[in-house]
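Asks: Sharing my_file31.txt, compact mmCIF, C-alpha atoms:
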# COMPACT_ATOMS: atom_id res chain seq x y z
CA MET M 18 0.00 0.00 0.00
CA TYR M 19 1.59 3.19 -1.29
CA HIS M 20 0.18 6.69 -1.60
CA SER M 21 2.28 9.58 -2.91
CA VAL M 22 5.67 9.42 -4.67
CA GLY M 23 7.82 12.54 -4.55
CA ALA M 24 10.03 14.76 -2.44
CA CYS M 25 8.29 15.84 0.77
CA ALA M 26 10.09 16.94 3.93
CA ASP M 27 6.79 17.69 5.70
CA ASP M 28 4.93 14.37 5.76
CA PRO M 29 3.11 13.92 9.10
CA TYR M 30 1.00 11.00 7.87
CA LEU M 31 3.98 9.17 6.33
CA VAL M 32 2.22 8.76 2.99
CA THR M 33 5.08 9.91 0.76
CA VAL M 34 7.85 7.75 -0.68
CA SER M 35 10.71 9.40 -2.55
CA PRO M 36 11.41 8.24 -6.12
CA ASP M 37 14.83 6.99 -5.00
CA ARG M 38 13.29 4.88 -2.24
CA LEU M 39 10.60 3.52 -4.57
CA GLU M 40 13.28 2.57 -7.08
CA ARG M 41 15.18 0.66 -4.40
CA GLN M 42 11.97 -1.11 -3.33
CA LEU M 43 11.21 -2.14 -6.90
CA THR M 44 14.73 -3.52 -7.34
CA TRP M 45 14.20 -5.40 -4.05
CA LEU M 46 11.25 -7.13 -5.74
CA ASN M 47 13.29 -7.91 -8.84
CA ARG M 48 16.18 -9.41 -6.89
CA ARG M 49 13.77 -11.81 -5.21
CA GLY M 50 12.11 -12.87 -8.44
CA LEU M 51 8.88 -11.04 -7.61
CA THR M 52 6.80 -8.95 -9.99
CA GLY M 53 4.48 -6.16 -8.96
CA VAL M 54 1.07 -6.16 -10.65
CA GLY M 55 -2.35 -4.59 -10.25
CA VAL M 56 -4.72 -6.26 -7.82
CA ALA M 57 -7.16 -7.47 -10.50
CA GLU M 58 -4.30 -9.21 -12.29
CA LEU M 59 -3.06 -10.69 -9.02
CA LEU M 60 -6.49 -12.13 -8.18
CA ARG M 61 -6.88 -13.61 -11.67
CA ALA M 62 -3.47 -15.23 -11.38
CA ARG M 63 -4.22 -16.61 -7.92
CA ALA M 64 -7.50 -18.07 -9.14
CA ASP M 65 -5.57 -19.82 -11.92
CA GLY M 66 -2.93 -21.08 -9.50
CA ARG M 67 -0.11 -18.95 -10.94
CA GLY M 68 0.19 -16.10 -8.46
CA ASN M 69 3.09 -17.28 -6.28
CA ARG M 70 5.67 -14.81 -7.65
CA LEU M 71 3.31 -11.85 -7.99
CA VAL M 72 2.81 -8.97 -5.55
CA GLY M 73 -0.12 -6.58 -5.73
CA LEU M 74 1.06 -2.94 -5.75
CA THR M 75 -1.47 -0.23 -4.91
CA PHE M 76 -1.29 3.57 -4.81
CA ASP M 77 -4.15 5.26 -2.94
CA ASP M 78 -5.70 8.70 -3.50
CA GLY M 79 -4.62 9.16 -7.14
CA TYR M 80 -1.94 11.80 -6.67
CA ALA M 81 -0.64 13.47 -9.82
CA ASP M 82 2.86 12.38 -8.86
CA PHE M 83 1.85 8.78 -9.63
CA VAL M 84 2.10 9.51 -13.35
CA GLU M 85 5.10 11.80 -12.95
CA HIS M 86 7.27 9.62 -10.71
CA ALA M 87 5.80 6.17 -10.09
CA VAL M 88 4.75 5.08 -13.59
CA PRO M 89 8.19 5.61 -15.21
CA LEU M 90 9.87 3.58 -12.45
CA LEU M 91 7.28 0.82 -12.57
CA LEU M 92 7.72 0.46 -16.32
CA ARG M 93 11.52 0.63 -16.11
CA TYR M 94 11.64 -2.32 -13.71
CA GLY M 95 8.90 -4.38 -15.36
CA HIS M 96 6.09 -3.84 -12.86
CA SER M 97 2.54 -2.53 -12.96
CA ALA M 98 0.14 -1.41 -10.23
CA THR M 99 -3.35 -0.28 -9.32
CA VAL M 100 -3.95 3.40 -8.65
CA PHE M 101 -7.14 4.22 -6.73
CA VAL M 102 -8.42 7.61 -7.83
CA LEU M 103 -11.05 10.16 -6.78
CA PRO M 104 -13.21 11.19 -9.78
CA GLY M 105 -15.04 13.70 -7.59
CA ARG M 106 -11.82 15.66 -6.97
CA LEU M 107 -10.22 15.68 -10.42
CA GLY M 108 -7.27 18.08 -10.39
CA GLY M 109 -8.01 18.99 -6.78
CA ASP M 110 -5.94 18.23 -3.72
CA ASN M 111 -5.88 16.20 -0.49
CA GLU M 112 -7.88 18.63 1.60
CA TRP M 113 -9.02 15.75 3.85
CA ASP M 114 -5.52 15.76 5.39
CA GLU M 115 -5.68 18.49 8.00
CA LEU M 116 -1.93 18.43 8.56
CA GLY M 117 0.87 18.46 6.05
CA PRO M 118 1.21 19.90 2.55
CA ARG M 119 -1.41 19.99 -0.17
CA LYS M 120 -0.79 17.45 -2.94
CA THR M 121 -2.35 17.71 -6.40
CA LEU M 122 -4.61 14.88 -7.59
CA LEU M 123 -4.85 13.37 -11.05
CA THR M 124 -6.99 15.03 -13.71
CA GLU M 125 -9.00 13.11 -16.32
CA GLU M 126 -5.98 13.33 -18.62
CA GLY M 127 -3.72 11.98 -15.90
CA ILE M 128 -6.02 9.03 -15.25
CA ARG M 129 -6.10 8.22 -18.95
CA ALA M 130 -2.31 8.49 -19.12
CA ALA M 131 -1.95 6.00 -16.26
CA ALA M 132 -4.36 3.59 -17.95
CA ALA M 133 -2.55 3.97 -21.28
CA ALA M 134 0.71 3.05 -19.54
CA GLY M 135 -0.83 -0.26 -18.46
CA MET M 136 -1.80 0.66 -14.91
CA GLU M 137 -5.08 -0.53 -13.43
CA ILE M 138 -7.49 2.27 -12.48
CA GLY M 139 -9.58 1.63 -9.38
CA SER M 140 -12.04 3.75 -7.41
CA HIS M 141 -11.35 5.38 -4.05
CA GLY M 142 -14.86 6.79 -3.93
CA LEU M 143 -15.76 10.24 -5.19
CA VAL M 144 -14.31 12.64 -2.64
CA HIS M 145 -12.50 10.59 0.05
CA GLN M 146 -14.82 10.29 3.03
CA ASP M 147 -15.38 7.69 5.73
CA LEU M 148 -18.07 5.56 4.11
CA THR M 149 -19.02 3.87 7.37
CA GLN M 150 -20.43 7.22 8.55
CA THR M 151 -22.47 8.04 5.43
CA ALA M 152 -26.19 7.71 4.73
CA ASP M 153 -27.24 5.01 2.26
CA GLY M 154 -27.78 7.51 -0.54
CA VAL M 155 -24.36 9.06 -0.11
CA LEU M 156 -22.77 5.61 0.05
CA ALA M 157 -24.44 4.64 -3.22
CA GLY M 158 -23.16 7.81 -4.88
CA GLU M 159 -19.63 7.24 -3.65
CA VAL M 160 -19.57 3.61 -4.74
CA ARG M 161 -21.75 3.44 -7.87
CA GLY M 162 -21.27 7.05 -8.90
CA SER M 163 -17.48 6.83 -8.86
CA ARG M 164 -17.58 3.61 -10.87
CA ASP M 165 -19.80 5.17 -13.54
CA ARG M 166 -17.61 8.27 -13.70
CA LEU M 167 -14.43 6.26 -14.14
CA GLN M 168 -16.04 4.24 -16.89
CA GLU M 169 -16.81 7.51 -18.68
CA ILE M 170 -13.19 8.65 -18.30
CA THR M 171 -11.39 5.44 -19.24
CA GLY M 172 -14.00 3.55 -21.25
CA LYS M 173 -13.79 0.67 -18.78
CA ALA M 174 -15.60 0.10 -15.49
CA PRO M 175 -13.08 -0.31 -12.65
CA ALA M 176 -12.75 -3.78 -11.15
CA GLY M 177 -11.60 -2.60 -7.74
CA PHE M 178 -12.57 -0.26 -4.93
CA CYS M 179 -10.38 1.03 -2.08
CA TYR M 180 -11.98 2.16 1.21
CA PRO M 181 -10.94 5.68 2.27
CA TYR M 182 -9.02 5.68 5.56
CA GLY M 183 -9.25 1.88 5.49
CA LYS M 184 -12.64 2.24 7.26
CA VAL M 185 -15.01 -0.58 6.41
CA ASP M 186 -18.03 -2.39 7.80
CA ALA M 187 -20.39 -5.04 6.43
CA ARG M 188 -22.81 -2.47 4.97
CA VAL M 189 -20.05 -0.79 2.99
CA VAL M 190 -18.50 -4.08 1.84
CA ASN M 191 -21.89 -5.30 0.62
CA ALA M 192 -22.51 -2.01 -1.21
CA VAL M 193 -19.18 -2.34 -3.03
CA ALA M 194 -19.93 -5.94 -4.04
CA ALA M 195 -23.47 -5.06 -5.14
CA ALA M 196 -22.16 -2.17 -7.29
CA GLY M 197 -20.28 -4.69 -9.44
CA TYR M 198 -16.72 -4.34 -8.15
CA GLY M 199 -14.77 -7.57 -8.33
CA TYR M 200 -12.71 -6.77 -5.24
CA GLY M 201 -12.15 -4.19 -2.52
CA CYS M 202 -8.98 -3.14 -0.70
CA ALA M 203 -8.93 -2.51 3.04
CA VAL M 204 -5.85 -2.04 5.27
CA ALA M 205 -5.61 -4.38 8.26
CA ALA M 206 -6.95 -7.93 8.30
CA GLY M 207 -10.07 -8.53 10.32
CA PRO M 208 -13.43 -10.32 10.49
CA LEU M 209 -14.50 -9.03 7.05
CA THR M 210 -11.33 -10.15 5.28
CA GLY M 211 -12.12 -11.56 1.85
CA THR M 212 -12.21 -10.58 -1.80
CA HIS M 213 -14.03 -7.34 -1.00
CA ALA M 214 -11.90 -6.49 2.06
CA LEU M 215 -8.35 -7.41 1.11
CA PRO M 216 -5.71 -6.53 3.72
CA ARG M 217 -2.55 -4.77 2.54
CA ALA M 218 0.92 -4.07 3.90
CA TYR M 219 1.93 -0.44 4.33
CA VAL M 220 5.16 0.52 2.54
CA GLY M 221 6.85 3.83 3.34
CA GLU M 222 10.01 5.87 3.04
CA ARG M 223 11.62 4.04 5.98
CA ASP M 224 11.22 0.62 4.40
CA THR M 225 14.74 -0.43 3.50
CA ASP M 226 15.64 -3.85 2.09
CA ALA M 227 15.99 -5.24 5.62
CA ARG M 228 12.57 -3.93 6.69
CA LEU M 229 10.96 -5.32 3.54
CA ASP M 230 12.56 -8.71 4.23
CA LEU M 231 11.01 -8.66 7.71
CA LYS M 232 7.61 -7.61 6.41
CA ARG M 233 7.67 -10.39 3.83
CA LEU M 234 8.59 -12.94 6.49
CA ARG M 235 5.84 -11.66 8.77
CA HIS M 236 3.35 -12.01 5.93
CA LEU M 237 4.42 -15.58 5.15
CA LEU M 238 4.17 -16.57 8.82
CA ARG M 239 0.91 -14.84 9.72
CA ARG M 240 -1.14 -14.66 6.54
CA ARG M 241 -4.58 -16.19 6.32
CA PRO M 242 -4.98 -17.49 2.74
CA LEU M 243 -8.11 -16.35 0.94
CA PRO M 244 -10.52 -19.16 0.04
CA PHE M 245 -11.29 -19.64 -3.63
CA ASP M 246 -14.42 -21.09 -5.14
CA SER M 247 -14.76 -21.79 -8.89
CA GLY M 248 -11.93 -19.44 -9.74
CA HIS M 249 -13.10 -16.56 -7.57
CA ALA M 250 -12.28 -15.68 -3.98
CA ALA M 251 -15.16 -16.47 -1.65
CA LEU M 252 -16.70 -13.81 0.58
CA PRO M 253 -16.42 -14.92 4.23
CA TYR M 254 -18.59 -12.17 5.71
CA ALA M 255 -22.28 -12.47 6.48
CA ARG M 256 -24.90 -10.37 4.73
CA GLU M 257 -26.01 -9.08 8.12
CA ALA M 258 -23.48 -6.93 9.92
CA ALA M 259 -22.26 -8.72 13.02
CA PRO M 260 -22.14 -6.75 16.29
CA GLY M 261 -18.80 -5.02 16.56
CA ALA M 262 -17.92 -5.66 12.92
CA GLY M 263 -17.76 -1.99 12.05
CA GLY M 264 -14.76 -0.08 10.73
CA ARG M 265 -11.79 0.43 12.97
CA ALA M 266 -10.47 3.76 14.07
CA PRO M 267 -7.42 5.03 12.18
CA GLY M 268 -4.23 3.79 13.77
CA ARG M 269 -5.80 0.68 15.33
CA PRO M 270 -5.81 -2.84 13.82
CA ALA M 271 -9.16 -4.54 13.42
CA ALA M 272 -10.20 -7.03 16.09
CA GLY M 273 -8.44 -10.32 15.61
CA SER M 274 -5.97 -8.83 13.17
CA PRO M 275 -2.73 -10.80 12.75
CA VAL M 276 -0.89 -7.61 11.85
CA PRO M 277 1.38 -6.28 14.61
CA PRO M 278 0.78 -2.60 15.37
CA GLU M 279 2.87 -0.01 13.55
CA PRO M 280 3.06 3.73 14.15
CA ARG M 281 -0.33 5.46 14.01
CA SER M 282 0.27 7.09 10.63
CA GLU M 283 1.49 3.82 9.13
CA GLN M 284 -1.79 2.06 9.97
CA ASP M 285 -3.95 4.87 8.63
CA GLY M 286 -5.24 3.95 5.18
CA ARG M 287 -5.37 7.55 4.07
Would you put the structure from the file into structure tokens?

Replies:
Amino acid sequence: MYHSVGACADDPYLVTVSPDRLERQLTWLNRRGLTGVGVAELLRARADGRGNRLVGLTFDDGYADFVEHAVPLLLRYGHSATVFVLPGRLGGDNEWDELGPRKTLLTEEGIRAAAAAGMEIGSHGLVHQDLTQTADGVLAGEVRGSRDRLQEITGKAPAGFCYPYGKVDARVVNAVAAAGYGYGCAVAAGPLTGTHALPRAYVGERDTDARLDLKRLRHLLRRRPLPFDSGHAALPYAREAAPGAGGRAPGRPAAGSPVPPEPRSEQDGR
């Protein structure tokens, strides 16, 4: 789970990775025989039994620096990724972050450029809000409306959705599945983990080769494999929201999560 790629001395939420650090992290993948791909491609490969050497790479929020800095590096080292964008804030900025600098978001042209470069375009909702706190009508607009808008921009309906702030509950997960998304990305593992609430590992500027080795080992030791049924990952959550199954607060792993706690900003799926 990445966010922004660029130079940023003031980064209170730890969402920025420098191009130099990203390049080193991509070469780390290459040296270990791993290839970064978009999440839809990863899930297809896993369903076909050929996903062992693939790693899903995601970039949340759809910052303009994805096209400027990330895409050239991804292509240079033979990787691809999913970028989750905000079609309700085209060309705007990350005003939801109260602290830290303003960062410009992708325009329609930027989204098309990313797609033309072979990157998967996914939805992050329309304007980046906590969907667990929205009314049903607003939730439908964020989920279905963003999908329709991205189809207009790219000519293709997005396969994936990413929950702003990593906040998710059964109502939101079911809305994403019902809107036609093939998968959804969360942050920490928890009781809703499945195709529409995929956990991800935070990667930041401090993640050197040694730290990535440790994170990979932790994943191999603690992961809970997703079940697959007829080529598609099964959904383990119930249609009725279980008591206490709501979204977690930023900076706190979901109940039962196998993920050890990291600094507050590293757990925040901003």

Asks: May I have the protein, DNA and RNA residues with an atom at most 12 Å from (8.5, 10.5, -12.7), counting only C-alpha atoms in the file's coordinates, returned as a list in words?

Replies: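 Taken together, the residues in range are Ser21, Val22, Gly23, Ala24, Ser35, Pro36, Asp37, Leu39, Glu40, Ala81, Asp82, Phe83, Val84, Glu85, His86, Ala87, Val88, Pro89, Leu90, Leu91, Leu92, Arg93 and Ala131 of chain M.
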
Asks: Might you pull out every residue within 8 Å of M:Ser163, with all atoms listed in the file counted and same-chain residues fewer than 3 positions away left off, and present them as a PyMOL selection string?

Replies: chain M and resi 103-105+140-143+158-160+166-167

Asks: Between atom CA of M:Arg41 and atom CA of M:Ala98, measure the distance and give it in Å to one decimal.

Replies: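 Distance between the two atoms: 16.3 Å.
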
Asks: For M:Tyr19, which of M:Lys184, M:Arg217, M:Arg67, M:Arg164 is the closest residue, counting all atoms listed in the file?

Replies: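 Of M:Lys184, M:Arg217, M:Arg67, M:Arg164, the one nearest M:Tyr19 is M:Arg217, counting all atoms listed in the file.
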
Asks: Using atom CA of M:Leu59 and atom CA of M:Leu74 as the two end points, give the distance in Å to one decimal.

Replies: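 Taking atom CA of M:Leu59 and atom CA of M:Leu74, their separation equals 9.4 Å.
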
Asks: Could you please determine the separation between atom CA of M:Tyr200 and atom CA of M:Gly73 in Å, to one decimal place?

Replies: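 Going from atom CA of M:Tyr200 over to atom CA of M:Gly73 covers 12.6 Å.
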
Asks: Taking into account all atoms listed in the file, which residue in the set M:Asn47, M:Asn69, M:Thr99, M:Thr75 is nearest to M:Ala134?

Replies: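 So, comparing all the options, the nearest one is M:Thr99.
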
Asks: So which one's closest to M:Ala157, M:Ala174, M:Ala132, M:Ala194, M:Ala227? Using only C-alpha atoms, please.

Replies: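 The answer is M:Ala194, which sits nearest to M:Ala157.
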
Asks: Which is closer to M:Arg223 than all the others in M:His96, M:Val32, M:Val72, M:Ala187, using only C-alpha atoms?

Replies: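 Ranking M:His96, M:Val32, M:Val72, M:Ala187 by distance to M:Arg223, first place goes to M:Val32.
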
Asks: If you count all atoms listed in the file, which residues fall within 8 Å of M:Gly199, apart from same-chain ones fewer than 3 positions away, as JSON, numbers by chain?

Replies: {"M": [57, 176, 177, 194, 212, 213]}

Asks: Determine, counting only C-alpha atoms, which protein, DNA and RNA residues have an atom within 7 Å of an atom of M:Glu222; residues of the same chain fewer than 4 positions away are not included. Present the result as a PyMOL selection string.

Replies: chain M and resi 33-35+38

Asks: Hey, which of M:Val144, M:His20, M:Thr124, M:Tyr94 ends up closest to M:Trp45? Count only C-alpha atoms.

Replies: M:Tyr94

Asks: For M:Thr44, which residue out of M:Leu122, M:Ile138, M:Leu215, M:Leu229 is the nearest one, using all atoms listed in the file?

Replies: M:Leu229

Asks: M:Glu58: which residues within 10 Å, counting all atoms listed in the file, same-chain residues fewer than 3 positions away excluded, as a list in words?

Replies: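 In the requested form, the answer reads Gly53, Val54, Gly55, Arg61, Ala62, Arg63, Ala64, Gly68, Leu71, Val72, Gly73, Ser97, Ala98, Thr99 and Glu137 of chain M.
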
Asks: N, CA, C and O atoms are what I want for stretch 46-61 of chain M; can you complete it accordingly and write them as a compact mmCIF listing (two decimals), in the coordinates of the input?

Replies:
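Output file out01.txt follows:
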# COMPACT_ATOMS: atom_id res chain seq x y z
N LEU M 46 12.14 -6.14 -5.16
CA LEU M 46 11.25 -7.13 -5.74
C LEU M 46 11.96 -7.93 -6.82
O LEU M 46 11.88 -9.17 -6.86
N ASN M 47 12.64 -7.23 -7.72
CA ASN M 47 13.29 -7.91 -8.84
C ASN M 47 14.33 -8.91 -8.36
O ASN M 47 14.44 -10.02 -8.90
N ARG M 48 15.12 -8.51 -7.37
CA ARG M 48 16.18 -9.41 -6.89
C ARG M 48 15.62 -10.68 -6.28
O ARG M 48 16.31 -11.70 -6.23
N ARG M 49 14.38 -10.63 -5.82
CA ARG M 49 13.77 -11.81 -5.21
C ARG M 49 12.85 -12.54 -6.17
O ARG M 49 12.07 -13.42 -5.76
N GLY M 50 12.92 -12.19 -7.43
CA GLY M 50 12.11 -12.87 -8.44
C GLY M 50 10.64 -12.59 -8.34
O GLY M 50 9.81 -13.40 -8.79
N LEU M 51 10.28 -11.42 -7.78
CA LEU M 51 8.88 -11.04 -7.61
C LEU M 51 8.52 -9.94 -8.60
O LEU M 51 9.35 -9.11 -8.94
N THR M 52 7.28 -9.95 -9.04
CA THR M 52 6.80 -8.95 -9.99
C THR M 52 5.57 -8.25 -9.42
O THR M 52 4.61 -8.90 -9.00
N GLY M 53 5.62 -6.93 -9.41
CA GLY M 53 4.48 -6.16 -8.96
C GLY M 53 3.44 -6.04 -10.06
O GLY M 53 3.77 -5.78 -11.22
N VAL M 54 2.17 -6.24 -9.70
CA VAL M 54 1.07 -6.16 -10.65
C VAL M 54 -0.11 -5.46 -9.99
O VAL M 54 -0.15 -5.26 -8.78
N GLY M 55 -1.11 -5.11 -10.79
CA GLY M 55 -2.35 -4.59 -10.25
C GLY M 55 -3.11 -5.68 -9.52
O GLY M 55 -2.89 -6.88 -9.75
N VAL M 56 -4.02 -5.28 -8.66
CA VAL M 56 -4.72 -6.26 -7.82
C VAL M 56 -5.62 -7.16 -8.66
O VAL M 56 -5.72 -8.37 -8.39
N ALA M 57 -6.30 -6.63 -9.67
CA ALA M 57 -7.16 -7.47 -10.50
C ALA M 57 -6.34 -8.57 -11.16
O ALA M 57 -6.77 -9.73 -11.23
N GLU M 58 -5.17 -8.21 -11.67
CA GLU M 58 -4.30 -9.21 -12.29
C GLU M 58 -3.83 -10.24 -11.27
O GLU M 58 -3.77 -11.44 -11.55
N LEU M 59 -3.50 -9.78 -10.07
CA LEU M 59 -3.06 -10.69 -9.02
C LEU M 59 -4.16 -11.70 -8.68
O LEU M 59 -3.90 -12.91 -8.56
N LEU M 60 -5.40 -11.23 -8.53
CA LEU M 60 -6.49 -12.13 -8.18
C LEU M 60 -6.78 -13.13 -9.30
O LEU M 60 -7.07 -14.31 -9.03
N ARG M 61 -6.70 -12.68 -10.55
CA ARG M 61 -6.88 -13.61 -11.67
C ARG M 61 -5.81 -14.69 -11.65
O ARG M 61 -6.09 -15.88 -11.86
